[in-house]
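Okay, so here's the structure we're looking at.
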Amino acid sequence: MSEHDPIQEQVGAEAGAEIVLPAQPLPIVLPYPFIPPASGLYETRQFIFQPIPLPTPVPIEPQPIPISRRQPWSFYTEELRLDVDGRYPQMVASGAVHGALVSSAHWIANLQATGASSWTGAIWYKDGSVGYTNVAISVNRSWYASQRTATVTFSGGGQPDRVRTFQFKSPYYHAVEFEFDCAQGEAATTQINTCAHPNRPASMPCETLSIQNVYQRAGFDVTISSAGSVVPLAGAGANARWSDQEMHDAMQTYWSRFAAKSQWALWAFFASLHEQGTSLGGIMFDDIGANHRQGTAIFNDSFIANAPAGDANPTAWVNRMIFWTACHEIGHCFNLAHSWQKQHPPSWGTPWIPLANEPEARSFMNYPYNVSGGQTAFFANFEYRFSDGELLFMRHAPGRFVQMGNADWFDQHGFQEAAVSLSPPLRLEIRANRERPVFEFMEPVTLELKLTNVCSEPQLVDERLLSSSEALVVIVKKDGKPARQYVPYAQYCWSADRRALLPGESMYDSLFISAGRNGWDLAEPGNYTVQVALRLEQEDIVSNELRLRVTPPRAYDEEYLAQDLFSDDVGRIIAFEGSRFFERGNDVLREVAAKLSDRRVALHASLALGGGLAFDHKQLVEDPKEPRKHLGIKVEPPKVDEARELLDAALIAQAPQAVESFGHVSFRRRVDEFSAWLAEQGAEEQAFQTQDALLSTMSARQVGGRPILPRVLADIEATRDAYKPGQRRKRSRK
């Protein structure tokens with residue numbers, strides 16, 4: 001029996017002897033002996049001949065719009081998704097109306113059985129013109145799929161009863177295609193033996209489980225693309241590490257289904273390591289242009305390849321962890337949030353349904369090491385499935401919320417009030433390290449975060465907590481407009497690297513919030529409020545509200561250039577600190593740096609342009625003889641002299657303006673990186689001078705009316721002295 005056969009998916013061992021059926025094969029599964037299942041997708045199509053005025057409101061079956069003489073007819077499709085038996089039944093029905101000449105509508109109802117093949121329930125979710133309040137459903141459970149039907153009676157809401165009969169179409173709710181590709185020398189782990197590792201639920205059946213099976217059981221008709229192949233690593237370097245830029249380039253170039261539109265398809269790429277190192281296990285590519293959640297990458301040689309010391313079967317542990325990571329990241333492509341990350345501040349907007357956090361869920365969307373007892377406790381009860389709330393979203397939310405390339409990442413997941421303790425052990429501050437929080441028009445906004453232990457006991461925190469896009473919820477509200485959540489271009493899956501934050505001790509990080517998957521959140525002149533919530537395991541830490549202002553443009557040139565600057569390409573270049581793929585965006589930054597050299601946006605333009613030229617740039621390219629099948633990696637060498645000039649202009653030539661625009665934390669990090677790069681080029685004297693300029697600049701700065709901490713200045717001085725000519729050679733001889 002084929003892997004795709006749903007009978008194998010849902011018939012339990014208790015079914016007993018094989019059932020002899022009529023000669024025509026059954027395309028669907030038996031939830032229990034002798035009775036065909038009722039769950040699945042049903043459909044009816046209506047033929048519209050002419051626009052007939054209908055009384056309003058008309059729920060479920062909206063009124064046609066006027067039809068032109070050239071097209072005096074059209075179809076519209078009405079769907080029913082029945083979820084009452086089979087695997088993980090939710091006792092829910094949902095429906096939708098689609099058509100070019102009708103307005104769309106979507107409804108969801110919870111059901112109770114009123115007989116062996118009948119259910120009734122109240123409609124609790126409505127999207128579009130849905131006036132009815134109740135449904136009654138009965139199913140003709142024919143052995144033959146072509147004869148199986150569902151009859152739905154809509155009632156209530158002051159409307160006459162409406163009866164529709166639907167034809168069974170599929171045991172799945174949506175069809176979707178996965179494409180798995182891998183870098184040369186890497187394996188795509190797309191299936192595992194569920195009993196290979198001894199730490200597992202005792203009741204779980206032993207089987208070969210594939211990613212395809214996982215999502216079939218979630219309700220999707222998954223097909224695997226035959227276009228997947230191996231990406232050659234010629235010219236990629238010995239460590240085969242991938243940057244965010246290269247990942248975005250790879251998705252556009254290598255995925256056979258890539259298109260600038262929403263579609264039920266996704267791309268998964270198995271590689272060795274991200275440039276961030278072994279602590280990054282996977283990343284979801286959120287959007288290219290206006291389309292989101294289309295692909296993901298899994299890094300085989302990251303922390304997920306390190307079994308715990310003394311593990312009973314380390315090979316099986318690693319295979320299971322890579323498999324879990326792949327299913328987890330693909331889940332994000334379906335717009336699934338993390339299990340603990342489903343609630344949001346109330347300023348975010350109205351959800352499709354408020355979903356509760358599930359910090360202890362044994363779901364693909366939870367982190368194994370986040371639950372009580374850690375990964376050992378997680379896998380002891382993990383049954384390779386999604387939670388009921390996640391299944392409800394995947395199966396029954398309006399398709400545009402779930403479909404890849406459609407709704408924004410994390411859109412329509414719901415929120416509730418932040419869980420704030422009366423005496424939180426940590427204090428979170430957001431600030432702009434300048435005399436007044438006023439930013440020039442077009443100046444990218446970088447703020448700083450400070451997390452302080454305000455209790456009397458050490459607190460164990462993740463070293464990357466303040467840089468984690470998964471832990472931070474950032475809200476930006478322009479006066480007079482709705483609040484928006486800032487969402488960065490990339491989501492990361494890090495391993496926890498915990499440290500003790502002592503009483504009174506603080507940790508810091510920078511926060512770039514100008515551009516992300518929402519576009520440019522701080523582009524228009526005006527007053528804004530920014531607030532951050534830090535999601536911890538047991539509570540939320542909410543920051544102060546920071547009021548800031550973006551000033552109006554000074555002249556026509558700024559207004560004119562702003563039309564090109566506030567684009568997705570330029571936002572990505574600045575956020576990722578350089579790119580050679582977005583040529584049009586680089587041209588805009590060159591023009592900005594040349595024409596607005598006295599404005600702070602020129603510093604950010606020079607930094608991004610220099611960053612894109614400082615290192616080798618790898619880009620996937622098609623073989624013109626065999627497009628899409630054999631791809632190579634083109635390596636463009638760095639342009640050292642040009643990069644040095646641009647980076648110096650961005651960071652050192654106007655250091656007092658640069659430190660204020662980039663912020664203390666970000667400015668120091670970038671100068672440190674610039675100095676290290678100069679030393680690698682053999683320019684130790686310039687590296688020393690660069691650090692000396694950093695020391696002078698930071699010594700003249702204040703934070704909250706007080707000078708920079710002496711230990712920070714001492715660290716900078718030590719780094720500077722390490723670049724003294726001959727100093728590095730002396731150290732190497734020792």
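We name chains A, B, ... following the order of the structure tokens; residues begin at 1 in each chain, and ligands are numbered from 1 as shown.
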Checklist entry - Which neighbours of Gln276 of chain A fall inside 9 Å, counting only C-alpha atoms, when residues of the same chain fewer than 4 positions from it are skipped, and could you give them as a PyMOL selection string? => result chain A and resi 241-243+280
Just to be explicit: take each residue in the selection above, keep C-alpha atoms, and write the result as a CSV table (one decimal), in the first residue's frame.
```csv
chain,number,residue,atom,x,y,z
A,241,ARG,CA,28.3,28.5,5.8
A,242,TRP,CA,25.3,30.5,4.5
A,243,SER,CA,24.4,34.1,5.1
A,280,LEU,CA,21.3,28.4,14.8
```
Next on the checklist: Please return, as a ChimeraX atom specification, all residues of segment 160-317 of chain A that DSSP assigns to strand (DSSP E or B) on the basis of the backbone.
Outcome noted: /A:162-170,174-183,191-193,208-210,220-224,230-231,241-242,265-271,273-274,277,280-288,291-299
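For the pair atom CA of Glu443 of chain A and atom CA of Asp509 of chain A, the separation is 19.5 Å.
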Excluding same-chain residues fewer than 4 positions from segment 143-153 of chain A, what lies within 6 Å of it counting only C-alpha atoms, as an mmCIF file with N, CA and C atoms, in the first residue's frame?
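As a result, selection.cif now contains:
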```cif
data_model
loop_
_atom_site.group_PDB
_atom_site.id
_atom_site.type_symbol
_atom_site.label_atom_id
_atom_site.label_comp_id
_atom_site.auth_asym_id
_atom_site.auth_seq_id
_atom_site.Cartn_x
_atom_site.Cartn_y
_atom_site.Cartn_z
ATOM 1 N N VAL A 135 -25.769 25.481 12.111
ATOM 2 C CA VAL A 135 -25.723 24.524 11.013
ATOM 3 C C VAL A 135 -26.155 23.160 11.521
ATOM 4 N N ALA A 136 -26.789 22.390 10.651
ATOM 5 C CA ALA A 136 -27.093 20.980 10.888
ATOM 6 C C ALA A 136 -26.561 20.213 9.689
ATOM 7 N N ILE A 137 -25.769 19.173 9.933
ATOM 8 C CA ILE A 137 -25.066 18.470 8.863
ATOM 9 C C ILE A 137 -25.386 16.988 8.935
ATOM 10 N N SER A 138 -25.705 16.415 7.803
ATOM 11 C CA SER A 138 -25.873 14.963 7.712
ATOM 12 C C SER A 138 -25.071 14.462 6.515
ATOM 13 N N VAL A 139 -24.470 13.280 6.667
ATOM 14 C CA VAL A 139 -23.576 12.740 5.642
ATOM 15 C C VAL A 139 -24.099 11.406 5.161
ATOM 16 N N ARG A 162 -31.652 27.634 4.811
ATOM 17 C CA ARG A 162 -31.006 27.439 3.510
ATOM 18 C C ARG A 162 -30.358 26.063 3.514
ATOM 19 N N VAL A 163 -30.643 25.234 2.515
ATOM 20 C CA VAL A 163 -30.144 23.862 2.450
ATOM 21 C C VAL A 163 -29.218 23.729 1.250
ATOM 22 N N ARG A 164 -28.033 23.169 1.475
ATOM 23 C CA ARG A 164 -27.079 22.926 0.398
ATOM 24 C C ARG A 164 -26.558 21.502 0.512
ATOM 25 N N THR A 165 -26.402 20.834 -0.631
ATOM 26 C CA THR A 165 -25.827 19.490 -0.684
ATOM 27 C C THR A 165 -24.452 19.571 -1.326
ATOM 28 N N PHE A 166 -23.465 19.008 -0.643
ATOM 29 C CA PHE A 166 -22.070 19.072 -1.078
ATOM 30 C C PHE A 166 -21.591 17.686 -1.496
ATOM 31 N N GLN A 167 -20.762 17.645 -2.524
ATOM 32 C CA GLN A 167 -20.169 16.396 -3.009
ATOM 33 C C GLN A 167 -18.793 16.201 -2.382
ATOM 34 N N PHE A 168 -18.510 14.998 -1.894
ATOM 35 C CA PHE A 168 -17.198 14.708 -1.316
ATOM 36 C C PHE A 168 -16.112 14.896 -2.377
#
```
Item to check | Nearest candidate to Ile574 of chain A (options A:Trp520, A:Phe615, A:Tyr556, A:Trp264; using only C-alpha atoms) | outcome: A:Trp520
Checklist entry - So which residues touch Gly156 of chain A within 8 Å, counting only C-alpha atoms, skipping near sequence neighbours fewer than 3 positions away, as a PyMOL selection string? => result chain A and resi 131-134+159-161
Can you write just those residues out, N, CA and C atoms, as a PDB file, in the first residue's frame?
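Output file again_24.pdb follows:
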```pdb
ATOM      1  N   GLY A 131     -24.822  35.524   7.687  1.00  0.00           N
ATOM      2  CA  GLY A 131     -25.879  35.948   8.589  1.00  0.00           C
ATOM      3  C   GLY A 131     -26.438  34.842   9.441  1.00  0.00           C
ATOM      4  N   TYR A 132     -26.267  33.587   9.038  1.00  0.00           N
ATOM      5  CA  TYR A 132     -26.831  32.471   9.794  1.00  0.00           C
ATOM      6  C   TYR A 132     -26.040  32.233  11.073  1.00  0.00           C
ATOM      7  N   THR A 133     -26.654  31.553  12.028  1.00  0.00           N
ATOM      8  CA  THR A 133     -26.032  31.318  13.331  1.00  0.00           C
ATOM      9  C   THR A 133     -25.865  29.842  13.669  1.00  0.00           C
ATOM     10  N   ASN A 134     -26.506  28.948  12.898  1.00  0.00           N
ATOM     11  CA  ASN A 134     -26.456  27.518  13.221  1.00  0.00           C
ATOM     12  C   ASN A 134     -26.355  26.682  11.949  1.00  0.00           C
ATOM     13  N   GLN A 159     -32.993  34.629   9.188  1.00  0.00           N
ATOM     14  CA  GLN A 159     -33.034  34.299   7.761  1.00  0.00           C
ATOM     15  C   GLN A 159     -33.836  33.013   7.537  1.00  0.00           C
ATOM     16  N   PRO A 160     -34.450  32.868   6.373  1.00  0.00           N
ATOM     17  CA  PRO A 160     -35.069  31.583   6.043  1.00  0.00           C
ATOM     18  C   PRO A 160     -34.004  30.488   5.986  1.00  0.00           C
ATOM     19  N   ASP A 161     -34.377  29.288   6.384  1.00  0.00           N
ATOM     20  CA  ASP A 161     -33.428  28.175   6.319  1.00  0.00           C
ATOM     21  C   ASP A 161     -32.904  28.015   4.895  1.00  0.00           C
TER      22      ASP A 161
END
```
Checklist outcome for this item: Pairwise distance, atom CA of Ala96 of chain A with atom CA of Phe364 of chain A, equals 28.0 Å
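Here the question is which of A:Lys595, A:His197, A:His604, A:Lys450 gets nearest to Ala649 of chain A using only C-alpha atoms, and that residue is A:His604.
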Next on the checklist: Calculated over only C-alpha atoms, which of the candidates A:Glu329, A:Glu79, A:Asp249, A:Glu383 has the smallest distance to Ser203 of chain A?
Outcome noted: A:Glu383
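Note that atom CA of Ile298 of chain A and atom CA of Glu186 of chain A are 10.5 Å apart.
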Next on the checklist: Taking only C-alpha atoms into account, name the residue in A:Gly282, A:Glu545, A:Ser170, A:Tyr384 that is nearest to Pro205 of chain A.
Outcome noted: A:Tyr384
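Excluding Phe270 of chain A itself and same-chain residues fewer than 3 positions from it, the residues having an atom within 7 Å of it are A:Asp181, A:Cys182, A:Ala183, A:Glu186, A:Ala187, A:Ala188, A:Ala297, A:Ile298, A:Phe299, A:Asn300, counting only C-alpha atoms.
Minimum atom-to-atom distance to Arg464 of chain A, evaluated using only C-alpha atoms, belongs to A:Arg498 out of A:Arg81, A:Arg484, A:Arg517, A:Arg498.
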Next on the checklist: So that I can check the surroundings of segment 697-704 of chain A, please list as a ChimeraX atom specification every protein, DNA and RNA residue that reaches within 8 Å of it, counting only C-alpha atoms and ignoring chain neighbours fewer than 3 positions away.
Outcome noted: /A:433,655-656,659,664,693-694,707-708,713
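Comparing the minimum interatomic distances between Met365 of chain A and each of A:Lys169, A:Arg385, A:His328, A:Arg431, counting only C-alpha atoms, we find that A:His328 sits nearest.
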Checklist entry - Excluding same-chain residues fewer than 2 positions from Pro525 of chain A, what lies within 6 Å of it counting only C-alpha atoms, as a PyMOL selection string? => result chain A and resi 550-552
Expected file: the selected residues, N, CA and C atoms, as a PDB file, in the first residue's frame:
```pdb
ATOM      1  N   VAL A 550       9.918  61.732  14.158  1.00  0.00           N
ATOM      2  CA  VAL A 550      10.598  61.782  12.857  1.00  0.00           C
ATOM      3  C   VAL A 550      10.294  63.146  12.260  1.00  0.00           C
ATOM      4  N   THR A 551      11.344  63.906  11.961  1.00  0.00           N
ATOM      5  CA  THR A 551      11.162  65.281  11.477  1.00  0.00           C
ATOM      6  C   THR A 551      10.749  65.302  10.012  1.00  0.00           C
ATOM      7  N   PRO A 552      10.125  66.383   9.551  1.00  0.00           N
ATOM      8  CA  PRO A 552       9.745  66.503   8.135  1.00  0.00           C
ATOM      9  C   PRO A 552      10.981  66.640   7.243  1.00  0.00           C
TER      10      PRO A 552
END
```
